[in-house]
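Peer 1: Take this structure first; my questions come after.
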4 protein chains.
Amino acid sequence: MNTFGRYLRFTSFGESHGAAIGGVLDGMPGGVPVDTAFVQAALARRRPGNPDLAGTSARREADEVRFLSGIYEGKTLGTPIAFLIENTDARSADYEALADVYRPSHADDTYEAKYGCRDARGGGRASARETAARVAAGALAQCLLSEAGVSVYAYTERIGGACCAEPYTAYDLTQVYDSPLYCPAPAAAAAMQAELARCAAEGDTVGGCVCGLIRGLPKGCGEPIYDKLTARLAAAMMGINAARGFEIGAGFAAATMRGSAHNDAWTGVDENGLLHTARNRCGGVRGGISTGEDIWFRVAFKPIATLGQPMEVWHKRDGLKKQAAGGRHDVCCVPRAVPVVEAMAALTAADMWLACR
Amino acid sequence: MNTFGRYLRFTSFGESHGAAIGGVLDGMPGGVPVDTAFVQAALARRRPGNPDLAGTSARREADEVRFLSGIYEGKTLGTPIAFLIENTDARSADYEALADVYRPSHADDTYEAKYGCRDARGGGRASARETAARVAAGALAQCLLSEAGVSVYAYTERIGGACCAEPYTAYDLTQVYDSPLYCPAPAAAAAMQAELARCAAEGDTVGGCVCGLIRGLPKGCGEPIYDKLTARLAAAMMGINAARGFEIGAGFAAATMRGSAHNDAWTGVDENGLLHTARNRCGGVRGGISTGEDIWFRVAFKPIATLGQPMEVWHKRDGLKKQAAGGRHDVCCVPRAVPVVEAMAALTAADMWLACR
Amino acid sequence: MNTFGRYLRFTSFGESHGAAIGGVLDGMPGGVPVDTAFVQAALARRRPGNPDLAGTSARREADEVRFLSGIYEGKTLGTPIAFLIENTDARSADYEALADVYRPSHADDTYEAKYGCRDARGGGRASARETAARVAAGALAQCLLSEAGVSVYAYTERIGGACCAEPYTAYDLTQVYDSPLYCPAPAAAAAMQAELARCAAEGDTVGGCVCGLIRGLPKGCGEPIYDKLTARLAAAMMGINAARGFEIGAGFAAATMRGSAHNDAWTGVDENGLLHTARNRCGGVRGGISTGEDIWFRVAFKPIATLGQPMEVWHKRDGLKKQAAGGRHDVCCVPRAVPVVEAMAALTAADMWLACR
Amino acid sequence: MNTFGRYLRFTSFGESHGAAIGGVLDGMPGGVPVDTAFVQAALARRRPGNPDLAGTSARREADEVRFLSGIYEGKTLGTPIAFLIENTDARSADYEALADVYRPSHADDTYEAKYGCRDARGGGRASARETAARVAAGALAQCLLSEAGVSVYAYTERIGGACCAEPYTAYDLTQVYDSPLYCPAPAAAAAMQAELARCAAEGDTVGGCVCGLIRGLPKGCGEPIYDKLTARLAAAMMGINAARGFEIGAGFAAATMRGSAHNDAWTGVDENGLLHTARNRCGGVRGGISTGEDIWFRVAFKPIATLGQPMEVWHKRDGLKKQAAGGRHDVCCVPRAVPVVEAMAALTAADMWLACR
């Protein structure tokens, strides 16, 4: 099932070292202006080899998106928008040695168990390269959301032990991509750079957290019961490579709180008639349905499994075996995950918005 | 969308104070033995007024399940299994005062925003009463899973500040429902009882965590990309009332770990040819696909919003207004959430298993 | 997959001689007035033993619908509407002899092939009794459609050799259920009565055709490509028991026509700006999307397979075997299929309307 | 919804005169050998300008398929198979005059009603060019079916008044594409050629019928109730451009038959234990589930709406207006519809087979 969404459906394709990756976005209304430069800019932020991001892979891809359908004279037609991104810097020789081994904490063995085969070149479909297609689709979804007055943001909150000191409300999220490591808190960003440098020096990797925000989604979007907005958003985020946890609003902290402290006290209605709360601890969703306030959430990412130091792999024939790490890999996936979290939030919000408008 | 699952599809219905709640489970293979006593026992564990569970609602429901179809001579037919549970102790008079007010941290206003109307009696469809239908369906899913050699467990890990000291591997999860508060760690359970007593005395409520486990799901189940087993499980859990966070394996702790510490070292293959890891930090899922090892995860629940003390509600006409809490409510939802987490894990595992068998 | 529809989803359940049949209708907007007497009246038209319909089964069912959820103070809540119809006149003894045999042109053997088992009592889930649930759901859909100004009709056009002489435009379809055999053409109805009498006398059965009409569906409903309104309607109709063919507009006759004769000449726009055609040969759908004109179509039904004369069944052990027909069966399914065609058209139209409003 | 199928999901994209058309086929198992020459050959049969097919459009497209993903070393990976076909001979100048007019019996006005806009170049997405993507996907599905021992065939049965004299069992369907007009009955083919010549001379078009056959689908595939194999197949066929009717087995003829004549008498079990019938009038499906016998059906196509003579179009500003036909069009869509019917049958059969294997 390589399709995401119910009303706005995104189907992606592509292996890391195949001919191309790309996708088809179906369900966009007709007449939506498409800013292709915005799509291209979003791709640039996630691109391997981005010189602004410390600790990213040395693989260099132009990541130029080519639209094949669904856009005519700068606007959507309502028909499927297909696009592709050619794989140009695919050095599969790096990976040949990996065909017979299962790397620790990778999906090598599980893909083989499921499909009976595997494209071992660069992780095949399991590679984070697939997320480029998500970013392009998310940027298209943002073209729709901006018509609807909905904004989506994400930023690096934590890398290892280095973490933003304040909640999202303290930062100007419109400038995230101008900040180092996509972290809007300068002090935290400096600490993160130091953490990454230490990891790189030790041939190690590190995990972290991304915060996400959906602002302006009208009240009443989402579904109660199994398909709550919280559930859909959790699935969107946990479907990102290396995601290990999701929380919304007060999240795990709510588990240790009293109801009297956690409850969202009403503060009154604003000029648009929207009822507000003092601290929005519910994270903008009550009973699975949007409240009209900010939807804020956090995603935890594990450290990248491929280290810059030898690892013990499992060889199909020989069993345990020491192997030097091949390929070109990041020290931490978190900064590059920021545009991916943003994209998945945009696809989720657009899907929900289409369902309830 | 009141349907859960793709291959094993559960559609539920019912308002808290309507005629009945229930559901239709579609997609069960034919010929599966159905243990109706097991289904009834599962319902008893979640039942309001369960005398074994401190701090639960005084509402008393027999919660007797009546099967309407899909079972013949003790076995499934392959056709939809419909069941209902009559609402017998529905005292709607308790709730009449609530028709014009929005309680804090409830879904009163969001349901109205979405549907333009609301059944204010006992929270209507937003009531946790709906989870009884999940528990019955989950027990049916377990009838299928037990044929497949898959087991599902859940237990209370935390209530407020009281928490199990060890990971799930330290406990005998087959005896959870014999332990107080469904917590297998006696010392932690005693601390939880104390915490609940303090809350009750103060007219307050408290949050907590439930741990879940799926054991025996064959390697190769699940889907990569958007529909990862992690994503499906996260959606299943975040769709439970009051859930605020989900993590799998090392979860949020992975965000502060180094790759060298987080990576799952291979230990070798067992007698069935299954490849094992030292610590299964990935939580039994790699690349969205089951590894064949234990799938373990945690769900955070917020404190119940209805307190035993007056709350400031929003009255549609009069604005902010002090109101005494009506109805009969729990001090903490966590113990009663245990069979619900188990049920949703069973439905998810059965759905995944059907897709890949 | 016992669910029909994408936005308005109807999930049904029940075996012919089980405890009950029924369904869950999910996706209805909130606040729609529900006319339960209208639902009950629709069920009465399809009821076995309806004294107004020649040639129907002698089975007598009250077919009283009980609503369990989703309706409050006479209006929909937006939550799932569950209902059930108890099976009261289930004489399973009639069918015991059938457990080991496969009747010709029945689904006995195919159900067993698919599920590995079968409820042989009265055909189990394959029985036309299941269509009562469709009729109830369709009547609920009509409650929504009537708010939207959409009407749905169906009538008996043909029974064996007896057929209406004129197209649907010649008849007053609002009075169909007052006419004999639900046929609005008196002469044809008389010929049909004679045909049924002959069949009954000979212990035989006969096929026929039902015409259907959706009026008032706004222009622009439906989806191009795979999910055309024609495709969805065809699936809805071919999913009815005993349906063997579907055509829309000029249908099969179009295969022998020239384009110059088949093309729909424009006649101009009406006072609402709707563009009209001279003869609407396309049947109200162009490119899979509604034109705003009448959507008219025809469904062919095969003769009922259970005859009033001995049949050669296949006995699992003994092979070919002469067996007297058991149970109580109709001579022709067509009149009772009329409310079922209407119901499926209503469910399809409501689903399409919800998707495009 | 530009996606077809539930287990084997095909999502297509592309406008007639956009950059490219193509699709993504998701759900193929891993390890299936892909015969790309077979895919290319299938496309050649449907290609405009095919010199073997009388009465086809003069548009010339290489229709060369480029695979982008999902295939590695000649076999499927289990990941999505994406492909594209560039549009090379798109002469949009032909169509500029059409931007402000609605042609009779086209989807010009309905697309605009649905999407608020339209790509008027060559019919945009409503063009039959889209069916090339279906043919490529169907050929991929056949790669899977051939592993499963399932064969799919289609042929031209009727063009206007010229029709095959015998049922499908009289012809060698393996040689269809070697016969003129893809009609295996030489006398009928000659009559069809004459009919096409007459139409062409008169600047007219004509309708016709395609017969389809699925052979070897195991008994027990399909779903009862709403999702019957008959319903799925009907939807697949009615979703093809210009399809107006569908029937299976005895089809509409069953409406005038007696049960005693229509019933399928059992003849006994074959060497594989499959139970056979004398005449398979049910068309290989009983109760929505495959019987293991041939699944045979017929699709009616209306005459092509664009004539070689002036037509009266509706101009948005000027109303009725005589206009010469632009573009390059076929006299009859039926021969080129043959590979499309085959493709949709293959996609349907493969989807059903994956669901029940």
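Scheme for the structure tokens: letters A, B, ... for chains in order shown; per-chain residue numbers from 1; ligand numbers from 1 in order shown.
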Do you know which residues are at most 10 Å from Thr3 in chain C counting only C-alpha atoms, after dropping those on the same chain fewer than 2 positions away, and could you put them as a VMD selection string?

Peer 2: (chain B and resid 9 11 26) or (chain C and resid 1 5 to 6 8 to 13 23 to 25) or (chain D and resid 225 to 227)

Peer 1: From a DSSP pass on the backbone, collect the residues of range 49-227 of chain A flagged as helix (DSSP H, G or I) and hand them back as a ChimeraX atom specification.

Peer 2: /A:92-98,108-115,121-126,128-148,168-170,173-178,180-182,186-201,225-227

Peer 1: In Å, how far is it from CA of Lys114 in chain D to CA of Leu229 in chain C?

Peer 2: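 Result for CA of Lys114 in chain D versus CA of Leu229 in chain C: 12.6 Å, one decimal.
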
Peer 1: Excluding Gln40 in chain D and its own-chain neighbours fewer than 5 positions away, which residues fall within 9 Å of it when counting only C-alpha atoms? Please give them as a VMD selection string.

Peer 2: chain D and resid 35 45 63 to 65 136 139

Peer 1: For those residues, write N, CA and C atoms to a file as a tab-separated table (two decimals), in the first residue's frame.

Peer 2:
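Contents of out-v2.tsv, as written:
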chain	number	residue	atom	x	y	z
D	35	ASP	N	7.58	-9.55	-18.59
D	35	ASP	CA	7.93	-9.63	-20.01
D	35	ASP	C	7.62	-8.26	-20.62
D	45	ARG	N	-1.18	-3.01	-29.99
D	45	ARG	CA	-2.51	-3.43	-30.48
D	45	ARG	C	-3.57	-2.34	-30.31
D	63	ASP	N	4.09	5.16	-28.49
D	63	ASP	CA	3.58	4.45	-27.31
D	63	ASP	C	4.63	3.54	-26.70
D	64	GLU	N	5.81	4.12	-26.53
D	64	GLU	CA	6.88	3.34	-25.94
D	64	GLU	C	6.81	3.49	-24.43
D	65	VAL	N	6.74	2.39	-23.74
D	65	VAL	CA	6.58	2.43	-22.29
D	65	VAL	C	7.96	2.48	-21.64
D	136	ALA	N	-1.15	-1.13	-20.59
D	136	ALA	CA	0.16	-1.48	-20.03
D	136	ALA	C	-0.01	-2.17	-18.67
D	139	ALA	N	-1.34	-5.67	-19.04
D	139	ALA	CA	-0.32	-6.62	-19.49
D	139	ALA	C	0.56	-7.05	-18.31

Peer 1: Which residues are near Phe252 in chain C? Cut-off 7 Å, only C-alpha atoms, ignore same chain within fewer than 2 positions. Put them as a PyMOL selection string.

Peer 2: (chain C and resi 247+250+254-255) or (chain D and resi 244-245+300)

Peer 1: Neighbouring residues of Cys333 in chain B were defined as those with any atom within 10 Å, considering only C-alpha atoms; residues of the same chain fewer than 4 positions away were excluded. Please report them as a PyMOL selection string.

Peer 2: chain B and resi 55-57+128+159+205-209+241-242+301-304+329+337-338

Peer 1: Output as JSON, numbers by chain the set of chain D residues within 10 Å of chain B, with distances taken over only C-alpha atoms.

Peer 2: {"D": [6, 7, 79, 224, 355, 357]}

Peer 1: Since we have the selection now, will you write its residues out, keeping N, CA and C atoms, as a short mmCIF file (atom, residue, chain, number, x, y, z; two decimals), in the first residue's frame?

Peer 2:
data_model
loop_
_atom_site.label_atom_id
_atom_site.label_comp_id
_atom_site.auth_asym_id
_atom_site.auth_seq_id
_atom_site.Cartn_x
_atom_site.Cartn_y
_atom_site.Cartn_z
N ARG D 6 -8.39 -3.28 -5.51
CA ARG D 6 -8.25 -3.22 -4.06
C ARG D 6 -6.93 -3.83 -3.59
N TYR D 7 -6.54 -4.95 -4.14
CA TYR D 7 -5.30 -5.61 -3.74
C TYR D 7 -4.20 -5.29 -4.75
N THR D 79 7.39 -3.82 -4.92
CA THR D 79 7.19 -2.37 -4.76
C THR D 79 6.42 -1.84 -5.97
N PRO D 224 -19.26 -12.24 -2.07
CA PRO D 224 -20.72 -12.20 -2.21
C PRO D 224 -21.22 -10.77 -1.94
N ALA D 355 -6.74 -11.65 -3.79
CA ALA D 355 -7.56 -11.60 -2.58
C ALA D 355 -7.88 -12.98 -2.04
N ARG D 357 -6.09 -16.04 -2.92
CA ARG D 357 -5.09 -17.12 -3.00
C ARG D 357 -4.70 -17.58 -1.60
#

Peer 1: List the spatial neighbours of Arg298 in chain B as a ChimeraX atom specification - criterion: any atom at most 7 Å away, only C-alpha atoms, same-chain residues fewer than 3 positions off excluded.

Peer 2: /B:209-212,246-248

Peer 1: Suppose we keep N, CA, C and O atoms; can you now write the selection as a PDB file, in the first residue's frame?

Peer 2:
ATOM      1  N   CYS B 209      -0.121   5.367  31.655  1.00  0.00           N
ATOM      2  CA  CYS B 209       0.357   4.686  30.447  1.00  0.00           C
ATOM      3  C   CYS B 209      -0.037   3.208  30.459  1.00  0.00           C
ATOM      4  O   CYS B 209      -0.060   2.570  31.501  1.00  0.00           O
ATOM      5  N   VAL B 210      -0.293   2.704  29.268  1.00  0.00           N
ATOM      6  CA  VAL B 210      -0.536   1.279  29.079  1.00  0.00           C
ATOM      7  C   VAL B 210       0.549   0.743  28.158  1.00  0.00           C
ATOM      8  O   VAL B 210       0.891   1.389  27.161  1.00  0.00           O
ATOM      9  N   CYS B 211       1.117  -0.397  28.505  1.00  0.00           N
ATOM     10  CA  CYS B 211       2.041  -1.069  27.594  1.00  0.00           C
ATOM     11  C   CYS B 211       1.306  -2.177  26.865  1.00  0.00           C
ATOM     12  O   CYS B 211       0.435  -2.837  27.438  1.00  0.00           O
ATOM     13  N   GLY B 212       1.688  -2.389  25.622  1.00  0.00           N
ATOM     14  CA  GLY B 212       1.067  -3.429  24.821  1.00  0.00           C
ATOM     15  C   GLY B 212       2.107  -4.313  24.168  1.00  0.00           C
ATOM     16  O   GLY B 212       3.250  -3.889  23.964  1.00  0.00           O
ATOM     17  N   PHE B 246       2.091   7.819  21.581  1.00  0.00           N
ATOM     18  CA  PHE B 246       2.389   6.435  21.214  1.00  0.00           C
ATOM     19  C   PHE B 246       3.876   6.336  20.955  1.00  0.00           C
ATOM     20  O   PHE B 246       4.473   7.210  20.325  1.00  0.00           O
ATOM     21  N   GLU B 247       4.473   5.256  21.440  1.00  0.00           N
ATOM     22  CA  GLU B 247       5.863   5.003  21.074  1.00  0.00           C
ATOM     23  C   GLU B 247       6.068   3.500  20.957  1.00  0.00           C
ATOM     24  O   GLU B 247       5.368   2.713  21.586  1.00  0.00           O
ATOM     25  N   ILE B 248       7.030   3.126  20.140  1.00  0.00           N
ATOM     26  CA  ILE B 248       7.291   1.707  19.903  1.00  0.00           C
ATOM     27  C   ILE B 248       8.772   1.436  20.133  1.00  0.00           C
ATOM     28  O   ILE B 248       9.615   2.272  19.825  1.00  0.00           O
TER      29      ILE B 248
END

Peer 1: Just asking: which residues within range 231-266 of chain C are strand (DSSP E) according to DSSP, as a ChimeraX atom specification?

Peer 2: /C:243-248,266

Peer 1: Keeping N, CA and C atoms, export the residues of the selection given above as a PDB file, in the first residue's frame.

Peer 2:
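File produced: result_3.pdb:
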ATOM      1  N   ALA C 243     -28.939 -10.612 -10.661  1.00  0.00           N
ATOM      2  CA  ALA C 243     -28.722  -9.656 -11.756  1.00  0.00           C
ATOM      3  C   ALA C 243     -27.736 -10.237 -12.765  1.00  0.00           C
ATOM      4  N   ARG C 244     -28.033 -10.078 -14.033  1.00  0.00           N
ATOM      5  CA  ARG C 244     -27.194 -10.655 -15.080  1.00  0.00           C
ATOM      6  C   ARG C 244     -26.738  -9.638 -16.112  1.00  0.00           C
ATOM      7  N   GLY C 245     -27.389  -8.461 -16.106  1.00  0.00           N
ATOM      8  CA  GLY C 245     -26.994  -7.468 -17.089  1.00  0.00           C
ATOM      9  C   GLY C 245     -27.397  -6.081 -16.637  1.00  0.00           C
ATOM     10  N   PHE C 246     -26.658  -5.096 -17.144  1.00  0.00           N
ATOM     11  CA  PHE C 246     -26.907  -3.687 -16.817  1.00  0.00           C
ATOM     12  C   PHE C 246     -26.688  -2.874 -18.081  1.00  0.00           C
ATOM     13  N   GLU C 247     -27.558  -1.901 -18.317  1.00  0.00           N
ATOM     14  CA  GLU C 247     -27.292  -0.962 -19.401  1.00  0.00           C
ATOM     15  C   GLU C 247     -27.817   0.402 -19.004  1.00  0.00           C
ATOM     16  N   ILE C 248     -27.206   1.422 -19.569  1.00  0.00           N
ATOM     17  CA  ILE C 248     -27.592   2.781 -19.233  1.00  0.00           C
ATOM     18  C   ILE C 248     -27.867   3.551 -20.510  1.00  0.00           C
ATOM     19  N   TRP C 266     -27.916  19.102 -28.625  1.00  0.00           N
ATOM     20  CA  TRP C 266     -28.234  20.099 -27.602  1.00  0.00           C
ATOM     21  C   TRP C 266     -29.554  20.794 -27.934  1.00  0.00           C
TER      22      TRP C 266
END

Peer 1: Please report the interatomic distance between CA of Pro167 in chain B and CA of His262 in chain B in Å with one decimal.

Peer 2: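 These atoms are spaced 16.2 Å apart.
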